[in-house]
Amino acid sequence: IQPARGEFLKSFAKAGQQPIKDVVVDQTSVAVLDRYSQNLVEPARAAQSGAGLVGKSKPDYQEVVVRQTPTDNEVRIARSLSLRQIDKEVSLEAVRSIQQGQYDKAKERLMVFLAENPDGHLSRHTLATILMTRNEIGAAQQLLEKGLQLTPDFSAFKKLLARILKDTDTTRAIALLKERPPYLGDDTEYHELLAALLQLRGNYLEAQILYEALTRMNPSNGRWWMGLGIALDAIGEKQKALAAFRRALKLPTSETRVRLYSQERIAKLRELL
């Protein structure tokens with residue numbers, strides 16, 4: 001069953017059952033290599049001797065032409081940059097097709113491109129998101145598994161695959177995210193997802209450590225304060241949990257569900273304290 005057109009760009013719930021997030025195509029600019037066709041002309045003074053000679057047989061200088069050619073490594077870089085640019089364009093084309101309700105066209109375009117260019121990471125991510133949106137979970141998982149074989153540390157693939165595994169194999173999802181994670185500041189979504197999975201698995205102490213690190217980095221994120229409150233509550237730190245829920249409730253940027261849940265937990269904790 002195809003989703004309604006209004007949902008065409010919706011991906012999937014982020015960590016901790018947060019709201020559905022729109023698909024975002026990477027807008028990173030692609031560098032342009034310098035051309036190698038330019039000739040370098042270097043004048044070299046010819047040795048002169050015998051002052052006062054009549055009729056010089058040699059010019060004052062000779063023109064030396066040096067043709068600069070790319071090295072093998074520079075050629076590989078050029079090809080890589082070219083693939084990245086095409087990869088981005090194909091992904092954007094697919095997104096435009098989705099916006100017009102042409103899901104099958106977008107899917108076919110991405111699949112054909114990936115068959116010829118398996119290193120098209122953005123296209124693979126876009127296709128996996130489309131497949132997950134349409135509930136083709138098996139196909140999405142296979143696509144991401146292949147991507148991780150090619151680039152084991154690509155965090156975007158790991159996040160999508162972890163969300164797929166969340167309901168069927170939480171242990172593997174956690175192990176996947178724990179293996180060579182990005183720095184916290186580079187990808188907070190990655191670490192939030194890991195914290196939510198740890199909490200789901202009952203590893204509240206580890207979840208607490210992650211949520212504390214996240215709230216230190218950005219104290220204005222109510223969702224992280226709620227996650228911290230849940231972890232603290234679970235390990236018996238009721239006073240600290242109450243303070244965390246109050247922070248989540250107080251923040252004007254907190255989502256409605258965060259406010260409602262925090263308000264409920266504050267009332268319960270007050271009864272216990």
# chains A, B, ... in the order shown; residues from 1 in each chain; ligands from 1
$ residues_around --residues "Ser91 of chain A" --least-positions-apart "4" --cutoff "8 Å" --atoms "only C-alpha atoms" --output "list in words"
Val25, Asp87, Val95, Leu110, Leu122, Ser123 and Thr126 of chain A
$ residues_around --residues "segment 192-205 of chain A" --least-positions-apart "5" --cutoff "12 Å" --atoms "only C-alpha atoms" --output "PyMOL selection string"
chain A and resi 13-18+155-156+158-179+181-182+184-185+187+210-215+221+223-237
$ atom_distance --atom1 "atom CA of Leu83 of chain A" --atom2 "atom CA of Asp186 of chain A"
24.1 Å
$ select_by_dssp --residues "segment 35-272 of chain A" --states "strand (DSSP E or B)" --output "number ranges by chain"
A: 39-45, 61-67
$ select_by_dssp --residues "segment 234-268 of chain A" --states "helix (DSSP H, G or I)" --output "list of chain:residue names"
A:Ala234, A:Lys238, A:Gln239, A:Lys240, A:Ala241, A:Leu242, A:Ala243, A:Ala244, A:Phe245, A:Arg246, A:Arg247, A:Ala248, A:Leu249, A:Lys250, A:Thr256, A:Arg257, A:Val258, A:Arg259, A:Leu260, A:Tyr261, A:Ser262, A:Gln263, A:Glu264, A:Arg265, A:Ile266, A:Ala267, A:Lys268
$ atom_distance --atom1 "atom CA of Tyr103 of chain A" --atom2 "atom CA of Ala115 of chain A"
18.3 Å
$ residues_around --residues "Leu131 of chain A" --least-positions-apart "6" --cutoff "9 Å" --atoms "only C-alpha atoms" --output "PyMOL selection string"
chain A and resi 107+137-140
$ write_last_selection --atoms "N, CA and C atoms" --output "PDB file, in the first residue's frame"
ATOM      1  N   LYS A 107      12.458   5.034  -7.276  1.00  0.00           N
ATOM      2  CA  LYS A 107      13.083   3.780  -6.849  1.00  0.00           C
ATOM      3  C   LYS A 107      13.905   3.165  -7.979  1.00  0.00           C
ATOM      4  N   ILE A 137      10.837  -3.280   4.384  1.00  0.00           N
ATOM      5  CA  ILE A 137      11.905  -3.314   5.376  1.00  0.00           C
ATOM      6  C   ILE A 137      13.018  -4.285   4.983  1.00  0.00           C
ATOM      7  N   GLY A 138      12.640  -5.456   4.470  1.00  0.00           N
ATOM      8  CA  GLY A 138      13.647  -6.437   4.080  1.00  0.00           C
ATOM      9  C   GLY A 138      14.582  -5.910   3.016  1.00  0.00           C
ATOM     10  N   ALA A 139      14.012  -5.252   2.013  1.00  0.00           N
ATOM     11  CA  ALA A 139      14.825  -4.689   0.923  1.00  0.00           C
ATOM     12  C   ALA A 139      15.716  -3.572   1.441  1.00  0.00           C
ATOM     13  N   ALA A 140      15.175  -2.754   2.347  1.00  0.00           N
ATOM     14  CA  ALA A 140      15.966  -1.660   2.927  1.00  0.00           C
ATOM     15  C   ALA A 140      17.126  -2.207   3.743  1.00  0.00           C
TER      16      ALA A 140
END
$ closest_residue --among "A:Phe113, A:Ser220, A:Arg265, A:Lys238" --to "Lys250 of chain A" --atoms "only C-alpha atoms"
A:Ser220
